[in-house]
Amino acid sequence: MSELPEDHIGQRLRSARRQRGVSLRTLAGLSGLSTGFLSMVENGHRHLDRTGHITALAEALRMAPSELTGQPFAPAGPQQAESAHAAIPALRLALMGMTMTAPPDRPTPGTPPSVLADRVGEANRLYHAAEYGKVATGLPGLLSDLHAAVEAADGGERRRLLRLLADAYHPACTLLLKNLGYTDLAFIAVTRAAEAIAELDDPVHTALSGFFHTHVLMAAGSPAQALTRADQAADEVERHLSGLEAHALLGELHLIRATCLTQDVRRSGADRAREVAGHLSEAADLAVRTGETKAWHLNFGPTNVGIHEVSLNTDLGLHGAAVAARRGVRPRVLKAPGREAAFHADLGRSLAHLRGRDADAVAELLTAERAAPQRIHANALVRETVSGLLDRQLPSHAARDLRGLAHRMGLRA
């Protein structure tokens with residue numbers, strides 16, 4: 001690859017490094033990655049398809065990971081007007097214009113709390129279905145109605161509405177924005193939820209806020225801060241561990257702590273793998289206790305633990321272990337296409353690293369796209385994997401399918 005396009009991650013890495021006057025050798029020392037590897041990335045011969053590597057380089061260059069990956073990515077298809085990105089300006093204004101002390105200037109909706117609860121549930125269902133355009137379009141009105149309803153209520157009804165408001169902000173709003181690459185907006189969303197939760201004065205809800213803050217801190221490129229926040233939240237839950245929802249939240253916190261650890265390339269690979277395995281084991285034990293749940297509008301249970309085992313091994317670079325971990329995992333039981341897509345995408349990423357499995361990698365990536373196209377098209381790591389596969393000799397059918405996928409993602413085939 002003699003000349004890289006301007007939007008290639010290797011080109012962005014080279015430009016950022018040179019703008020800061022940092023040599024390859026210095027960057028290697030700061031990031032914990034080898035000079036040879038970084039040289040190959042900048043020249044398009046290796047791809048940055050592990051979150052830990054991207055986070056380490058972004059930290060070393062004092063930039064956001066999204067600046068390095070190029071997020072948010074403009075939609076490539078003809079339905080741009082229906083995309084989530086088209087709805088972001090209105091959602092941004094809603095997030096910036098509403099707080100607990102400055103609710104929207106609008107009449108209180110004459111909507112019963114039960115109807116508002118149904119709308120919150122639908123927003124989260126759409127998020128898990130990866131219908132990002134639909135959920136993003138509906139969120140400004142939902143959040144405005146909830147803020148206005150909270151402002152007019154008191155007593156037990158106000159507490160119920162505060163919980164609904166927090167449930168509207170996450171996961172649908174916070175994780176939607178994180179996945180699309182709007183990390184700053186995701187932080188505003190999780191902060192708004194924290195304002196509502198603070199009034200509830202409930203320790204488990206406070207820990208839930210910490211869980212979503214952890215997601216945003218990871219997206220911002222600070223796995224150490226994220227792990228600290230997740231540890232604090234887990235300690236809080238363990239002090240108030242009663243009922244299925246608390247156990248499910250603790251399980252989710254073990255999984256997010258394991259994810260934080262995969263990004264910390266300053267720890268040895270053996271140490272990271274050992275600690276990740278410990279958190280996975282704890283989560284698996286909790287999943288046996290809870291079964292499959294929808295607590296907190298999430299998907300904690302044995303299936304999600306299995307999905308995480310694939311993703312965590314992929315991010316650790318243990319690609320054979322990731323592929324082996326797929327056995328027995330049936331992501332469709334969750335009825336959450338976004339999680340199903342993540343499972344197949346991570347399998348595809350790992351298969352792309354195994355000799356002779358390129359066609360299988362393409363098949364998994366296509367399966368992921370069919371499950372949740374908007375999520376896959378917005379995924380920086382999948383885009384890097386697709387870019388890498390485009391440079392390889394593939395069977396004709398796989399090459400044709402891969403070029404189609406690249407076109408739909410807006411990549412140069």
# chains A, B, ... in the order shown; residues from 1 in each chain; ligands from 1
$ closest_atom_pairs --of "range 311-340 of chain A" --to "range 123-134 of chain A" --cutoff "6 Å" --atoms "only C-alpha atoms" --output "JSON lines"
{"residue": "A:Ala336", "atom": "CA", "partner": "A:His128", "partner_atom": "CA", "distance": 5.0}
{"residue": "A:Pro337", "atom": "CA", "partner": "A:Ala129", "partner_atom": "CA", "distance": 4.8}
{"residue": "A:Gly338", "atom": "CA", "partner": "A:Ala130", "partner_atom": "CA", "distance": 5.2}
$ residues_around --residues "Leu250 in chain A" --least-positions-apart "6" --cutoff "9 Å" --atoms "only C-alpha atoms" --output "PyMOL selection string"
chain A and resi 233-234+237-238+241+283+286
$ write_last_selection --atoms "N, CA and C atoms" --output "CSV table (one decimal), in the first residue's frame"
chain,number,residue,atom,x,y,z
A,233,ALA,N,-18.1,1.6,42.1
A,233,ALA,CA,-19.5,1.2,41.9
A,233,ALA,C,-19.7,-0.2,42.4
A,234,ALA,N,-18.8,-1.1,42.1
A,234,ALA,CA,-18.9,-2.5,42.6
A,234,ALA,C,-18.9,-2.6,44.1
A,237,VAL,N,-22.3,-1.6,45.3
A,237,VAL,CA,-23.3,-2.7,45.1
A,237,VAL,C,-23.1,-3.8,46.2
A,238,GLU,N,-21.9,-4.2,46.4
A,238,GLU,CA,-21.6,-5.3,47.3
A,238,GLU,C,-22.1,-5.0,48.7
A,241,LEU,N,-26.2,-5.7,48.5
A,241,LEU,CA,-26.4,-6.8,47.5
A,241,LEU,C,-27.7,-7.6,48.0
A,283,ALA,N,-18.5,-13.0,37.1
A,283,ALA,CA,-19.7,-12.7,36.4
A,283,ALA,C,-20.5,-14.0,36.0
A,286,LEU,N,-22.4,-15.2,39.0
A,286,LEU,CA,-23.6,-14.3,39.2
A,286,LEU,C,-24.7,-14.6,38.2
$ closest_residue --among "A:Asn299, A:Gln71, A:Gln393, A:Ser387" --to "His407 in chain A" --atoms "only C-alpha atoms"
A:Ser387
$ residues_around --residues "Arg383 in chain A" --least-positions-apart "5" --cutoff "12 Å" --atoms "only C-alpha atoms" --output "number ranges by chain"
A: 7-9, 47-50, 69-71, 73, 345-346, 348-349, 365, 369, 375-378, 388-390, 402, 405-413
$ write_last_selection --atoms "C-alpha atoms" --output "CSV table (one decimal), in the first residue's frame"
chain,number,residue,atom,x,y,z
A,7,ASP,CA,-9.1,9.1,6.2
A,8,HIS,CA,-7.0,6.0,6.9
A,9,ILE,CA,-6.1,5.5,10.6
A,47,HIS,CA,-4.1,-2.2,11.2
A,48,LEU,CA,-5.2,-0.8,14.6
A,49,ASP,CA,-8.0,-3.2,15.4
A,50,ARG,CA,-7.6,-3.4,19.2
A,69,THR,CA,-10.3,6.5,14.5
A,70,GLY,CA,-12.1,9.3,12.7
A,71,GLN,CA,-15.4,9.0,14.6
A,73,PHE,CA,-18.4,8.3,10.7
A,345,ALA,CA,-18.2,-8.8,14.8
A,346,ASP,CA,-15.7,-9.8,17.4
A,348,GLY,CA,-14.8,-11.8,12.6
A,349,ARG,CA,-12.1,-9.6,14.1
A,365,LEU,CA,-18.8,-9.7,9.6
A,369,GLU,CA,-24.1,-6.4,9.6
A,375,ARG,CA,-24.0,-0.5,14.8
A,376,ILE,CA,-21.5,-2.3,12.6
A,377,HIS,CA,-21.1,0.6,10.1
A,378,ALA,CA,-20.3,2.9,13.1
A,388,GLY,CA,-7.2,-5.1,6.4
A,389,LEU,CA,-9.1,-7.9,4.7
A,390,LEU,CA,-9.4,-5.8,1.5
A,402,LEU,CA,-16.3,-7.9,1.4
A,405,LEU,CA,-19.6,-4.5,2.9
A,406,ALA,CA,-16.8,-1.9,2.5
A,407,HIS,CA,-19.0,0.1,0.1
A,408,ARG,CA,-21.9,0.2,2.6
A,409,MET,CA,-19.5,1.3,5.3
A,410,GLY,CA,-18.1,4.1,3.1
A,411,LEU,CA,-14.7,2.5,2.8
A,412,ARG,CA,-12.6,2.5,-0.3
A,413,ALA,CA,-12.6,-1.0,-1.7
$ closest_atom_pairs --of "range 205-261 of chain A" --to "range 163-179 of chain A" --cutoff "9 Å" --atoms "only C-alpha atoms" --output "JSON lines"
{"residue": "A:His205", "atom": "CA", "partner": "A:Arg163", "partner_atom": "CA", "distance": 8.7}
{"residue": "A:Ser209", "atom": "CA", "partner": "A:Ala166", "partner_atom": "CA", "distance": 8.7}
{"residue": "A:Phe212", "atom": "CA", "partner": "A:His170", "partner_atom": "CA", "distance": 7.4}
{"residue": "A:His215", "atom": "CA", "partner": "A:Leu175", "partner_atom": "CA", "distance": 7.8}
{"residue": "A:Val216", "atom": "CA", "partner": "A:Lys178", "partner_atom": "CA", "distance": 6.7}
{"residue": "A:Ala219", "atom": "CA", "partner": "A:Lys178", "partner_atom": "CA", "distance": 6.7}
$ write_last_selection --atoms "all heavy atoms" --output "CSV table (one decimal), in the first residue's frame"
chain,number,residue,atom,x,y,z
A,205,HIS,N,-28.7,2.6,42.6
A,205,HIS,CA,-28.9,3.5,41.5
A,205,HIS,C,-27.6,4.4,41.3
A,205,HIS,O,-27.2,4.6,40.2
A,205,HIS,CB,-30.1,4.4,41.6
A,205,HIS,CG,-31.3,3.8,41.1
A,205,HIS,ND1,-32.1,3.0,41.8
A,205,HIS,CD2,-31.9,4.0,39.9
A,205,HIS,CE1,-33.2,2.6,41.1
A,205,HIS,NE2,-33.1,3.2,39.9
A,209,SER,N,-25.2,4.5,38.0
A,209,SER,CA,-24.6,5.7,37.4
A,209,SER,C,-23.1,5.5,37.1
A,209,SER,O,-22.6,5.9,36.1
A,209,SER,CB,-24.9,6.9,38.2
A,209,SER,OG,-24.3,8.1,37.7
A,212,PHE,N,-22.4,3.4,34.0
A,212,PHE,CA,-22.4,4.1,32.7
A,212,PHE,C,-21.3,5.1,32.6
A,212,PHE,O,-20.8,5.4,31.5
A,212,PHE,CB,-23.8,4.7,32.5
A,212,PHE,CG,-24.9,3.7,32.2
A,212,PHE,CD1,-25.8,3.2,33.1
A,212,PHE,CD2,-24.9,3.1,30.9
A,212,PHE,CE1,-26.7,2.2,32.8
A,212,PHE,CE2,-25.8,2.1,30.6
A,212,PHE,CZ,-26.7,1.7,31.5
A,215,HIS,N,-18.4,3.4,31.1
A,215,HIS,CA,-18.4,3.3,29.6
A,215,HIS,C,-17.9,4.5,29.0
A,215,HIS,O,-17.2,4.5,28.0
A,215,HIS,CB,-19.9,3.0,29.2
A,215,HIS,CG,-20.3,1.6,29.2
A,215,HIS,ND1,-20.0,0.7,28.1
A,215,HIS,CD2,-20.9,0.8,30.1
A,215,HIS,CE1,-20.5,-0.5,28.4
A,215,HIS,NE2,-21.0,-0.5,29.6
A,216,VAL,N,-18.3,5.7,29.4
A,216,VAL,CA,-18.0,6.9,28.8
A,216,VAL,C,-16.5,7.2,29.0
A,216,VAL,O,-15.8,7.7,28.1
A,216,VAL,CB,-18.8,8.1,29.3
A,216,VAL,CG1,-18.4,9.4,28.7
A,216,VAL,CG2,-20.3,7.8,29.0
A,219,ALA,N,-14.6,5.2,26.6
A,219,ALA,CA,-14.7,5.8,25.2
A,219,ALA,C,-13.8,7.0,25.1
A,219,ALA,O,-13.3,7.3,24.0
A,219,ALA,CB,-16.1,6.1,24.9
$ residues_around --residues "Leu143 in chain A" --least-positions-apart "4" --cutoff "9 Å" --atoms "only C-alpha atoms" --output "number ranges by chain"
A: 94-95, 98, 138-139, 147-148, 165, 168-169
$ write_last_selection --atoms "N, CA and C atoms" --output "compact mmCIF listing (two decimals), in the first residue's frame"
# COMPACT_ATOMS: atom_id res chain seq x y z
N ALA A 94 -31.19 19.33 23.09
CA ALA A 94 -31.98 18.86 24.22
C ALA A 94 -31.09 18.58 25.43
N LEU A 95 -29.97 17.94 25.20
CA LEU A 95 -29.06 17.62 26.30
C LEU A 95 -28.48 18.89 26.93
N MET A 98 -31.43 21.12 29.04
CA MET A 98 -32.25 20.62 30.15
C MET A 98 -31.37 20.10 31.28
N GLY A 138 -36.38 10.07 18.50
CA GLY A 138 -37.40 10.14 19.54
C GLY A 138 -36.93 10.65 20.88
N LEU A 139 -35.63 10.62 21.12
CA LEU A 139 -35.12 10.96 22.46
C LEU A 139 -35.38 12.41 22.89
N HIS A 147 -38.61 15.40 31.81
CA HIS A 147 -38.15 16.51 32.66
C HIS A 147 -39.34 17.37 33.12
N ALA A 148 -40.24 17.66 32.21
CA ALA A 148 -41.41 18.49 32.56
C ALA A 148 -42.29 17.76 33.57
N LEU A 165 -36.63 8.86 34.23
CA LEU A 165 -35.73 9.80 33.56
C LEU A 165 -34.32 9.21 33.46
N ALA A 168 -34.24 6.65 30.82
CA ALA A 168 -34.25 7.20 29.47
C ALA A 168 -32.86 7.66 29.05
N TYR A 169 -32.11 8.18 30.02
CA TYR A 169 -30.75 8.63 29.70
C TYR A 169 -29.79 7.47 29.49
$ atom_distance --atom1 "CA of Thr101 in chain A" --atom2 "CA of Arg159 in chain A"
15.8 Å
$ atom_distance --atom1 "CA of His85 in chain A" --atom2 "CA of Ala56 in chain A"
27.6 Å
$ residues_around --residues "range 149-157 of chain A" --least-positions-apart "2" --cutoff "9 Å" --atoms "only C-alpha atoms" --output "PyMOL selection string"
chain A and resi 100+103+107-111+113+144-147+159-162+165
$ select_by_dssp --residues "range 25-71 of chain A" --states "alpha helix (DSSP H)" --output "ChimeraX atom specification"
/A:25-31,35-42,51-60,65-69
$ write_last_selection --atoms "C-alpha atoms" --output "PDB file, in the first residue's frame"
ATOM      1  CA  ARG A  25      10.763   5.724  18.818  1.00  0.00           C
ATOM      2  CA  THR A  26       9.367   8.187  21.381  1.00  0.00           C
ATOM      3  CA  LEU A  27       5.788   7.227  20.568  1.00  0.00           C
ATOM      4  CA  ALA A  28       6.684   3.572  20.964  1.00  0.00           C
ATOM      5  CA  GLY A  29       8.104   4.270  24.403  1.00  0.00           C
ATOM      6  CA  LEU A  30       5.086   6.311  25.471  1.00  0.00           C
ATOM      7  CA  SER A  31       2.503   3.824  24.195  1.00  0.00           C
ATOM      8  CA  THR A  35       8.552   0.934  16.722  1.00  0.00           C
ATOM      9  CA  GLY A  36       8.248  -1.668  13.976  1.00  0.00           C
ATOM     10  CA  PHE A  37       4.550  -2.163  14.608  1.00  0.00           C
ATOM     11  CA  LEU A  38       3.873   1.585  14.567  1.00  0.00           C
ATOM     12  CA  SER A  39       5.839   1.999  11.348  1.00  0.00           C
ATOM     13  CA  MET A  40       3.753  -0.716   9.691  1.00  0.00           C
ATOM     14  CA  VAL A  41       0.531   0.936  10.913  1.00  0.00           C
ATOM     15  CA  GLU A  42       1.563   4.292   9.481  1.00  0.00           C
ATOM     16  CA  THR A  51      -9.062  -0.893  21.530  1.00  0.00           C
ATOM     17  CA  GLY A  52      -6.101  -1.070  23.896  1.00  0.00           C
ATOM     18  CA  HIS A  53      -3.652  -0.053  21.164  1.00  0.00           C
ATOM     19  CA  ILE A  54      -5.833   2.859  20.050  1.00  0.00           C
ATOM     20  CA  THR A  55      -6.288   4.038  23.637  1.00  0.00           C
ATOM     21  CA  ALA A  56      -2.561   3.847  24.374  1.00  0.00           C
ATOM     22  CA  LEU A  57      -1.640   5.820  21.240  1.00  0.00           C
ATOM     23  CA  ALA A  58      -4.324   8.441  21.841  1.00  0.00           C
ATOM     24  CA  GLU A  59      -3.113   8.919  25.404  1.00  0.00           C
ATOM     25  CA  ALA A  60       0.501   9.203  24.280  1.00  0.00           C
ATOM     26  CA  PRO A  65      -9.417   8.016  20.616  1.00  0.00           C
ATOM     27  CA  SER A  66     -12.224   9.209  18.328  1.00  0.00           C
ATOM     28  CA  GLU A  67      -9.808  11.690  16.716  1.00  0.00           C
ATOM     29  CA  LEU A  68      -7.521   8.802  15.843  1.00  0.00           C
ATOM     30  CA  THR A  69     -10.257   6.517  14.544  1.00  0.00           C
TER      31      THR A  69
END
$ atom_distance --atom1 "CA of His247 in chain A" --atom2 "CA of Ala189 in chain A"
24.8 Å
$ closest_residue --among "A:Asp391, A:Glu195, A:Glu364, A:Asp271" --to "Leu351 in chain A" --atoms "only C-alpha atoms"
A:Glu364
$ residues_around --residues "Ala368 in chain A" --least-positions-apart "5" --cutoff "8 Å" --atoms "only C-alpha atoms" --output "VMD selection string"
chain A and resid 340 to 345 373 376
$ write_last_selection --atoms "N, CA, C and O atoms" --output "PDB file, in the first residue's frame"
ATOM      1  N   GLU A 340     -26.053  -9.332  19.458  1.00  0.00           N
ATOM      2  CA  GLU A 340     -25.785 -10.377  18.468  1.00  0.00           C
ATOM      3  C   GLU A 340     -24.739  -9.901  17.460  1.00  0.00           C
ATOM      4  O   GLU A 340     -23.806 -10.634  17.114  1.00  0.00           O
ATOM      5  N   ALA A 341     -24.887  -8.662  17.003  1.00  0.00           N
ATOM      6  CA  ALA A 341     -23.928  -8.112  16.047  1.00  0.00           C
ATOM      7  C   ALA A 341     -22.539  -7.996  16.657  1.00  0.00           C
ATOM      8  O   ALA A 341     -21.533  -8.301  16.001  1.00  0.00           O
ATOM      9  N   ALA A 342     -22.466  -7.557  17.914  1.00  0.00           N
ATOM     10  CA  ALA A 342     -21.160  -7.440  18.578  1.00  0.00           C
ATOM     11  C   ALA A 342     -20.463  -8.792  18.660  1.00  0.00           C
ATOM     12  O   ALA A 342     -19.245  -8.896  18.439  1.00  0.00           O
ATOM     13  N   PHE A 343     -21.224  -9.839  18.965  1.00  0.00           N
ATOM     14  CA  PHE A 343     -20.676 -11.195  19.053  1.00  0.00           C
ATOM     15  C   PHE A 343     -20.047 -11.610  17.725  1.00  0.00           C
ATOM     16  O   PHE A 343     -18.884 -12.041  17.666  1.00  0.00           O
ATOM     17  N   HIS A 344     -20.796 -11.471  16.634  1.00  0.00           N
ATOM     18  CA  HIS A 344     -20.278 -11.907  15.338  1.00  0.00           C
ATOM     19  C   HIS A 344     -19.162 -10.994  14.837  1.00  0.00           C
ATOM     20  O   HIS A 344     -18.219 -11.460  14.189  1.00  0.00           O
ATOM     21  N   ALA A 345     -19.243  -9.703  15.159  1.00  0.00           N
ATOM     22  CA  ALA A 345     -18.176  -8.793  14.750  1.00  0.00           C
ATOM     23  C   ALA A 345     -16.864  -9.143  15.435  1.00  0.00           C
ATOM     24  O   ALA A 345     -15.797  -9.142  14.798  1.00  0.00           O
ATOM     25  N   PRO A 373     -27.009  -3.365  11.141  1.00  0.00           N
ATOM     26  CA  PRO A 373     -26.130  -2.616  10.225  1.00  0.00           C
ATOM     27  C   PRO A 373     -25.661  -1.274  10.768  1.00  0.00           C
ATOM     28  O   PRO A 373     -24.496  -0.905  10.580  1.00  0.00           O
ATOM     29  N   ILE A 376     -22.741  -1.819  13.191  1.00  0.00           N
ATOM     30  CA  ILE A 376     -21.518  -2.295  12.556  1.00  0.00           C
ATOM     31  C   ILE A 376     -20.872  -1.206  11.708  1.00  0.00           C
ATOM     32  O   ILE A 376     -19.652  -1.028  11.714  1.00  0.00           O
TER      33      ILE A 376
END
$ residues_around --residues "Ala321 in chain A" --least-positions-apart "2" --cutoff "12 Å" --atoms "only C-alpha atoms" --output "PyMOL selection string"
chain A and resi 273+277+309-319+323-327+346-347+350-351+353-354
$ write_last_selection --atoms "N, CA and C atoms" --output "PDB file, in the first residue's frame"
ATOM      1  N   ALA A 273      -4.631 -10.934  31.250  1.00  0.00           N
ATOM      2  CA  ALA A 273      -5.423 -12.137  30.970  1.00  0.00           C
ATOM      3  C   ALA A 273      -5.887 -12.787  32.265  1.00  0.00           C
ATOM      4  N   ALA A 277      -9.806 -12.990  33.378  1.00  0.00           N
ATOM      5  CA  ALA A 277     -10.408 -14.303  33.637  1.00  0.00           C
ATOM      6  C   ALA A 277     -11.081 -14.337  35.002  1.00  0.00           C
ATOM      7  N   GLU A 309     -16.882 -13.112  26.786  1.00  0.00           N
ATOM      8  CA  GLU A 309     -15.674 -13.947  26.730  1.00  0.00           C
ATOM      9  C   GLU A 309     -15.050 -13.885  25.342  1.00  0.00           C
ATOM     10  N   VAL A 310     -15.883 -13.857  24.314  1.00  0.00           N
ATOM     11  CA  VAL A 310     -15.368 -13.703  22.957  1.00  0.00           C
ATOM     12  C   VAL A 310     -14.729 -12.331  22.777  1.00  0.00           C
ATOM     13  N   SER A 311     -15.430 -11.269  23.182  1.00  0.00           N
ATOM     14  CA  SER A 311     -14.926  -9.912  22.951  1.00  0.00           C
ATOM     15  C   SER A 311     -13.669  -9.631  23.759  1.00  0.00           C
ATOM     16  N   LEU A 312     -13.635 -10.105  25.004  1.00  0.00           N
ATOM     17  CA  LEU A 312     -12.475  -9.832  25.853  1.00  0.00           C
ATOM     18  C   LEU A 312     -11.224 -10.529  25.324  1.00  0.00           C
ATOM     19  N   ASN A 313     -11.354 -11.778  24.886  1.00  0.00           N
ATOM     20  CA  ASN A 313     -10.210 -12.478  24.314  1.00  0.00           C
ATOM     21  C   ASN A 313      -9.764 -11.828  23.007  1.00  0.00           C
ATOM     22  N   THR A 314     -10.719 -11.327  22.236  1.00  0.00           N
ATOM     23  CA  THR A 314     -10.364 -10.615  21.006  1.00  0.00           C
ATOM     24  C   THR A 314      -9.540  -9.379  21.332  1.00  0.00           C
ATOM     25  N   ASP A 315      -9.981  -8.599  22.322  1.00  0.00           N
ATOM     26  CA  ASP A 315      -9.259  -7.382  22.665  1.00  0.00           C
ATOM     27  C   ASP A 315      -7.928  -7.650  23.350  1.00  0.00           C
ATOM     28  N   LEU A 316      -7.779  -8.832  23.940  1.00  0.00           N
ATOM     29  CA  LEU A 316      -6.489  -9.227  24.514  1.00  0.00           C
ATOM     30  C   LEU A 316      -5.533  -9.775  23.452  1.00  0.00           C
ATOM     31  N   GLY A 317      -6.037  -9.985  22.236  1.00  0.00           N
ATOM     32  CA  GLY A 317      -5.210 -10.574  21.185  1.00  0.00           C
ATOM     33  C   GLY A 317      -5.127 -12.080  21.270  1.00  0.00           C
ATOM     34  N   LEU A 318      -5.989 -12.696  22.075  1.00  0.00           N
ATOM     35  CA  LEU A 318      -6.024 -14.156  22.213  1.00  0.00           C
ATOM     36  C   LEU A 318      -7.076 -14.695  21.250  1.00  0.00           C
ATOM     37  N   HIS A 319      -6.752 -14.656  19.970  1.00  0.00           N
ATOM     38  CA  HIS A 319      -7.755 -14.877  18.940  1.00  0.00           C
ATOM     39  C   HIS A 319      -8.225 -16.327  18.868  1.00  0.00           C
ATOM     40  N   VAL A 323     -12.228 -17.508  19.431  1.00  0.00           N
ATOM     41  CA  VAL A 323     -13.013 -18.354  18.524  1.00  0.00           C
ATOM     42  C   VAL A 323     -13.509 -19.594  19.257  1.00  0.00           C
ATOM     43  N   ALA A 324     -12.668 -20.159  20.118  1.00  0.00           N
ATOM     44  CA  ALA A 324     -13.092 -21.340  20.884  1.00  0.00           C
ATOM     45  C   ALA A 324     -14.228 -21.006  21.835  1.00  0.00           C
ATOM     46  N   ALA A 325     -14.251 -19.759  22.341  1.00  0.00           N
ATOM     47  CA  ALA A 325     -15.261 -19.369  23.329  1.00  0.00           C
ATOM     48  C   ALA A 325     -16.655 -19.241  22.734  1.00  0.00           C
ATOM     49  N   ARG A 326     -16.774 -19.274  21.425  1.00  0.00           N
ATOM     50  CA  ARG A 326     -18.088 -19.137  20.790  1.00  0.00           C
ATOM     51  C   ARG A 326     -18.974 -20.356  21.027  1.00  0.00           C
ATOM     52  N   ARG A 327     -18.362 -21.485  21.356  1.00  0.00           N
ATOM     53  CA  ARG A 327     -19.127 -22.724  21.473  1.00  0.00           C
ATOM     54  C   ARG A 327     -20.198 -22.599  22.548  1.00  0.00           C
ATOM     55  N   ASP A 346     -16.915  -9.449  16.727  1.00  0.00           N
ATOM     56  CA  ASP A 346     -15.686  -9.802  17.436  1.00  0.00           C
ATOM     57  C   ASP A 346     -15.128 -11.139  16.949  1.00  0.00           C
ATOM     58  N   LEU A 347     -16.011 -12.076  16.626  1.00  0.00           N
ATOM     59  CA  LEU A 347     -15.540 -13.322  16.023  1.00  0.00           C
ATOM     60  C   LEU A 347     -14.838 -13.032  14.696  1.00  0.00           C
ATOM     61  N   SER A 350     -11.392 -11.626  15.292  1.00  0.00           N
ATOM     62  CA  SER A 350     -10.409 -12.637  15.695  1.00  0.00           C
ATOM     63  C   SER A 350     -10.059 -13.577  14.548  1.00  0.00           C
ATOM     64  N   LEU A 351     -11.057 -14.013  13.791  1.00  0.00           N
ATOM     65  CA  LEU A 351     -10.796 -14.917  12.671  1.00  0.00           C
ATOM     66  C   LEU A 351      -9.861 -14.283  11.649  1.00  0.00           C
ATOM     67  N   HIS A 353      -7.331 -12.715  12.204  1.00  0.00           N
ATOM     68  CA  HIS A 353      -5.947 -12.858  12.678  1.00  0.00           C
ATOM     69  C   HIS A 353      -5.447 -14.303  12.594  1.00  0.00           C
ATOM     70  N   LEU A 354      -6.299 -15.236  12.239  1.00  0.00           N
ATOM     71  CA  LEU A 354      -5.920 -16.642  12.204  1.00  0.00           C
ATOM     72  C   LEU A 354      -5.664 -17.081  10.768  1.00  0.00           C
TER      73      LEU A 354
END
$ decode --residues "range 341-387 of chain A" --atoms "C-alpha atoms" --output "tab-separated table (two decimals), in the first residue's frame"
chain	number	residue	atom	x	y	z
A	341	ALA	CA	-23.93	-8.11	16.05
A	342	ALA	CA	-21.16	-7.44	18.58
A	343	PHE	CA	-20.68	-11.20	19.05
A	344	HIS	CA	-20.28	-11.91	15.34
A	345	ALA	CA	-18.18	-8.79	14.75
A	346	ASP	CA	-15.69	-9.80	17.44
A	347	LEU	CA	-15.54	-13.32	16.02
A	348	GLY	CA	-14.82	-11.82	12.63
A	349	ARG	CA	-12.08	-9.64	14.07
A	350	SER	CA	-10.41	-12.64	15.70
A	351	LEU	CA	-10.80	-14.92	12.67
A	352	ALA	CA	-9.06	-12.27	10.55
A	353	HIS	CA	-5.95	-12.86	12.68
A	354	LEU	CA	-5.92	-16.64	12.20
A	355	ARG	CA	-4.20	-18.24	9.23
A	356	GLY	CA	-6.56	-19.50	6.57
A	357	ARG	CA	-9.70	-18.08	8.20
A	358	ASP	CA	-10.15	-14.90	6.14
A	359	ALA	CA	-13.28	-16.13	4.35
A	360	ASP	CA	-14.77	-17.16	7.70
A	361	ALA	CA	-13.98	-13.70	9.04
A	362	VAL	CA	-15.86	-12.09	6.17
A	363	ALA	CA	-18.84	-14.38	6.79
A	364	GLU	CA	-19.00	-13.40	10.46
A	365	LEU	CA	-18.75	-9.69	9.65
A	366	LEU	CA	-21.61	-10.02	7.16
A	367	THR	CA	-23.68	-11.85	9.78
A	368	ALA	CA	-22.99	-8.99	12.19
A	369	GLU	CA	-24.07	-6.44	9.59
A	370	ARG	CA	-27.31	-8.28	8.88
A	371	ALA	CA	-28.13	-8.29	12.59
A	372	ALA	CA	-27.46	-4.57	13.21
A	373	PRO	CA	-26.13	-2.62	10.23
A	374	GLN	CA	-26.11	0.78	11.93
A	375	ARG	CA	-24.02	-0.53	14.81
A	376	ILE	CA	-21.52	-2.29	12.56
A	377	HIS	CA	-21.11	0.61	10.15
A	378	ALA	CA	-20.27	2.89	13.11
A	379	ASN	CA	-17.71	0.50	14.66
A	380	ALA	CA	-14.12	1.73	14.23
A	381	LEU	CA	-12.56	-1.67	14.98
A	382	VAL	CA	-14.74	-3.44	12.42
A	383	ARG	CA	-13.83	-0.80	9.86
A	384	GLU	CA	-10.14	-1.45	10.49
A	385	THR	CA	-10.65	-5.20	10.11
A	386	VAL	CA	-12.53	-4.72	6.85
A	387	SER	CA	-9.76	-2.42	5.56
